[in-house]
Amino acid sequence: MKFAVIVFPGSNCDIDMYHAIKDEIGEEVEYVWHDADNLENYDAILLPGGFSYGDYLRSGAIARFSNVMKEVVKAAEQGKPVLGVCNGFQVLLETGLLPGAMRRNDSLKFICKTVPLTVENNETMFTNGYEKNDVIQIPIAHGEGNYFCDEETMITLKENHQIAFTYTDENPNGSVENIAGITNKAGNVLGMMPHPERAMDTLLGSEDGKKLFQSIVKHWREKHVVNA
Amino acid sequence: MYKVKVYITLRESVLDPQGSVVKQALHSMEFKHVEDVRVGKYMELTLPSTVENVEATVEEMCHRLLANPVIEDYRYEIEESVAQ
């Protein structure tokens with residue numbers, strides 16, 4: 001399986017993402033620059049965290065119009081797994097691949113710490129390796145992770161089981177319904193503020209993020225490899 | 001040419017944490033009567049007078065990029081200035 005890590009000017013979690021796939025999961029992975037115009041060769045697309053375009057205007061607002069995003073939308077429409085973490089989540093919201101928007105954290109502070117998350121839906125291609133209601137330890141690092149959507153959207157998120165992860169104990173940023181990560185309706189696009197790529201090794205605090213990437217690989221193998 | 005002033009604020013239904021903090025700061029000074037503060041953005045755009053449908057153009061720019069309609073409201077003023 002071959003992953004693409006999209007790199008925007010200002011991305012800064014791209015190397016962690018690459019390392020997670022290459023060294024911890026053991027699958028193929030390549031960096032893809034934001035002006036690329038073809039993602040046909042990749043089986044899954046990863047949008048890493050960081051501060052694309054310096055967070056000018058709004059987080060993700062400028063990256064959303066970069067050339068590669070047309071291809072990311074195409075990949076999403078083809079049903080390929082598309083994962084956006086932190087700034088990647090913000091880009092997916094601005095692009096409209098996921099509903100809602102990000103506000104500044106209600107504390108107005110940039111928060112960097114490991115927090116417990118509850119797996120709300122383990123029947124997605126990103127979460128099939130977890131059990132429902134598993135509590136996992138994943139680091140967050142953001143100043144704008146206060147997820148918002150209107151009530152109508154919230155009803156559809158719940159009806160379609162699009163809420164993948166919630167904050168377990170305290171809500172660090174004020175997001176509606178303690179949301180930490182959501183999928184699109186089809187379930188092949190996941191956006192999450194916490195960083196699974198930073199939770200790949202117990203030596204560094206947690207390896208609870210591994211199952212997320214393993215889930216993607218497992219789902220892909222079952223779908224694409226005969227006699228998997 | 002056209003001078004366009006764009007004002008962007010968080011929608012009324014969206015809590016504005018920056019505005020709340022600024023209000024508290026004003027209250028801690030002598031301005032205790034301040035009832036509400038909303039922090040927003042202000043932008044100035046210059047367009048040539050050859051632009052057709054300037055209002056529709058500005059509307060589209062606001063809707064697609066300058067504001068995020070999920071959480072933000074926008075309004076704009078368009079002034080036509082004649083070069084001297």
# chains A, B, ... in the order shown; residues from 1 in each chain; ligands from 1
>>> interface_residues(of="chain B", to="chain A", cutoff="8 Å", atoms="only C-alpha atoms", output="compact mmCIF listing (two decimals) with N, CA and C atoms, in the first residue's frame")
# COMPACT_ATOMS: atom_id res chain seq x y z
N PRO B 17 -14.55 33.89 21.64
CA PRO B 17 -13.72 33.91 22.86
C PRO B 17 -12.83 35.15 22.96
N GLN B 18 -12.34 35.63 21.82
CA GLN B 18 -11.52 36.85 21.86
C GLN B 18 -12.35 38.04 22.32
N LEU B 65 -13.69 32.73 -0.18
CA LEU B 65 -12.38 32.77 0.47
C LEU B 65 -12.30 33.68 1.69
N LEU B 66 -12.73 34.93 1.54
CA LEU B 66 -12.42 35.92 2.59
C LEU B 66 -13.10 35.59 3.91
N ASN B 68 -15.49 32.52 6.12
CA ASN B 68 -15.98 31.14 6.17
C ASN B 68 -17.44 31.20 6.62
N VAL B 70 -19.60 29.27 7.42
CA VAL B 70 -20.06 28.36 8.48
C VAL B 70 -20.04 29.09 9.83
N ILE B 71 -19.04 29.92 10.04
CA ILE B 71 -18.94 30.59 11.34
C ILE B 71 -18.88 32.12 11.25
>>> atom_distance(atom1="CA of Thr95 in chain A", atom2="CA of Val189 in chain A")
11.9 Å
>>> residues_around(residues="Lys218 in chain A", least_positions_apart="3", cutoff="12 Å", atoms="only C-alpha atoms", output="compact mmCIF listing (two decimals) with N, CA and C atoms, in the first residue's frame")
# COMPACT_ATOMS: atom_id res chain seq x y z
N MET A 1 0.85 -1.19 0.00
CA MET A 1 0.00 0.00 0.00
C MET A 1 0.89 1.24 0.00
N ILE A 25 4.72 1.41 10.55
CA ILE A 25 3.72 0.58 9.89
C ILE A 25 4.36 -0.28 8.81
N GLU A 27 4.85 0.49 5.48
CA GLU A 27 4.27 0.59 4.15
C GLU A 27 5.02 1.67 3.36
N PRO A 81 -8.83 6.37 1.20
CA PRO A 81 -8.74 6.96 2.54
C PRO A 81 -8.02 8.31 2.48
N THR A 124 -15.11 2.20 11.04
CA THR A 124 -14.62 2.97 9.89
C THR A 124 -13.31 2.36 9.44
N MET A 125 -12.87 2.74 8.25
CA MET A 125 -11.60 2.21 7.73
C MET A 125 -10.40 2.75 8.52
N PHE A 126 -10.66 3.72 9.39
CA PHE A 126 -9.58 4.30 10.19
C PHE A 126 -9.55 3.75 11.62
N THR A 127 -10.65 3.13 12.04
CA THR A 127 -10.77 2.78 13.46
C THR A 127 -11.11 1.32 13.69
N ASN A 128 -11.08 0.49 12.63
CA ASN A 128 -11.52 -0.91 12.79
C ASN A 128 -10.62 -1.72 13.73
N GLY A 129 -9.42 -1.22 14.02
CA GLY A 129 -8.52 -1.94 14.93
C GLY A 129 -8.79 -1.64 16.40
N LYS A 211 -2.80 1.79 15.81
CA LYS A 211 -3.96 1.04 15.32
C LYS A 211 -4.72 1.80 14.25
N LEU A 212 -4.63 3.13 14.30
CA LEU A 212 -5.34 3.93 13.30
C LEU A 212 -4.76 3.65 11.91
N PHE A 213 -3.43 3.68 11.82
CA PHE A 213 -2.80 3.45 10.52
C PHE A 213 -2.91 1.97 10.11
N GLN A 214 -2.82 1.10 11.14
CA GLN A 214 -2.98 -0.33 10.85
C GLN A 214 -4.39 -0.62 10.32
N SER A 215 -5.36 0.12 10.84
CA SER A 215 -6.75 -0.05 10.37
C SER A 215 -6.86 0.28 8.90
N ARG A 221 -6.10 -3.85 2.41
CA ARG A 221 -5.72 -5.23 2.03
C ARG A 221 -6.95 -6.07 1.76
N GLU A 222 -7.93 -5.93 2.65
CA GLU A 222 -9.15 -6.75 2.50
C GLU A 222 -9.86 -6.41 1.20
N LYS A 223 -9.73 -5.16 0.79
CA LYS A 223 -10.45 -4.70 -0.39
C LYS A 223 -9.67 -4.99 -1.68
N HIS A 224 -8.35 -4.89 -1.61
CA HIS A 224 -7.56 -4.90 -2.84
C HIS A 224 -6.66 -6.12 -3.03
N VAL A 225 -6.36 -6.85 -1.97
CA VAL A 225 -5.41 -7.95 -2.14
C VAL A 225 -6.17 -9.27 -2.06
N ALA A 228 -6.14 -12.03 1.09
CA ALA A 228 -5.51 -11.28 2.18
C ALA A 228 -5.77 -12.00 3.49
>>> residues_around(residues="range 35-46 of chain B", least_positions_apart="6", cutoff="7 Å", atoms="only C-alpha atoms", output="list of chain:residue names")
B:Tyr2, B:Lys3, B:Val4, B:Lys5, B:Val6, B:Tyr7, B:Ile8, B:Thr9, B:Leu10, B:Asp16, B:Gln18, B:Gly19, B:Ser20, B:Val22, B:Lys23
>>> write_last_selection(atoms="C-alpha atoms", output="PDB file, in the first residue's frame")
ATOM      1  CA  TYR B   2     -13.242  50.517  -6.888  1.00  0.00           C
ATOM      2  CA  LYS B   3     -12.248  50.624  -3.247  1.00  0.00           C
ATOM      3  CA  VAL B   4     -13.887  47.769  -1.374  1.00  0.00           C
ATOM      4  CA  LYS B   5     -14.048  47.558   2.408  1.00  0.00           C
ATOM      5  CA  VAL B   6     -14.858  44.124   3.773  1.00  0.00           C
ATOM      6  CA  TYR B   7     -15.902  43.532   7.397  1.00  0.00           C
ATOM      7  CA  ILE B   8     -15.885  39.986   8.755  1.00  0.00           C
ATOM      8  CA  THR B   9     -17.194  38.956  12.174  1.00  0.00           C
ATOM      9  CA  LEU B  10     -18.082  35.685  13.824  1.00  0.00           C
ATOM     10  CA  ASP B  16     -16.384  34.751  20.244  1.00  0.00           C
ATOM     11  CA  GLN B  18     -11.521  36.848  21.855  1.00  0.00           C
ATOM     12  CA  GLY B  19     -14.446  39.235  22.145  1.00  0.00           C
ATOM     13  CA  SER B  20     -15.295  37.877  25.623  1.00  0.00           C
ATOM     14  CA  VAL B  22     -11.601  41.951  25.427  1.00  0.00           C
ATOM     15  CA  LYS B  23     -14.925  42.717  27.129  1.00  0.00           C
TER      16      LYS B  23
END
>>> select_by_dssp(residues="range 9-68 of chain B", states="strand (DSSP E)", output="list in words")
Thr9, Leu10, Gly40, Lys41, Tyr42, Met43, Glu44, Leu45, Thr46 and Leu47 of chain B
>>> atom_distance(atom1="CA of Ser81 in chain B", atom2="CA of Thr57 in chain B")
17.5 Å
>>> atom_distance(atom1="CA of Asn160 in chain A", atom2="CA of Ile6 in chain A")
28.0 Å
>>> residues_around(residues="range 194-207 of chain A", least_positions_apart="4", cutoff="8 Å", atoms="only C-alpha atoms", output="ChimeraX atom specification")
/A:16-17,20,24,85-86,137-141,180-181,212
>>> decode(residues="range 158-188 of chain A", atoms="C-alpha atoms", output="CSV table (one decimal), in the first residue's frame")
chain,number,residue,atom,x,y,z
A,158,LYS,CA,-24.9,11.6,14.8
A,159,GLU,CA,-27.3,9.9,12.5
A,160,ASN,CA,-24.6,8.8,10.1
A,161,HIS,CA,-22.2,7.8,12.9
A,162,GLN,CA,-19.6,10.3,11.6
A,163,ILE,CA,-18.2,11.2,15.0
A,164,ALA,CA,-15.1,9.0,15.2
A,165,PHE,CA,-13.4,10.4,18.4
A,166,THR,CA,-14.4,12.5,21.3
A,167,TYR,CA,-12.4,14.0,24.2
A,168,THR,CA,-12.9,11.6,27.1
A,169,ASP,CA,-12.5,13.6,30.3
A,170,GLU,CA,-12.2,17.3,29.9
A,171,ASN,CA,-12.8,19.1,26.6
A,172,PRO,CA,-9.5,20.9,26.0
A,173,ASN,CA,-10.8,23.4,23.4
A,174,GLY,CA,-14.5,23.9,23.7
A,175,SER,CA,-15.5,21.8,20.6
A,176,VAL,CA,-19.2,21.0,20.3
A,177,GLU,CA,-20.2,17.7,21.7
A,178,ASN,CA,-16.5,17.1,22.7
A,179,ILE,CA,-15.7,16.3,19.1
A,180,ALA,CA,-12.1,15.4,18.4
A,181,GLY,CA,-12.5,13.8,15.0
A,182,ILE,CA,-15.2,13.2,12.4
A,183,THR,CA,-15.6,11.4,9.1
A,184,ASN,CA,-17.5,12.3,6.0
A,185,LYS,CA,-20.7,10.5,5.3
A,186,ALA,CA,-19.0,7.9,3.1
A,187,GLY,CA,-16.5,7.2,5.9
A,188,ASN,CA,-13.4,7.5,3.8
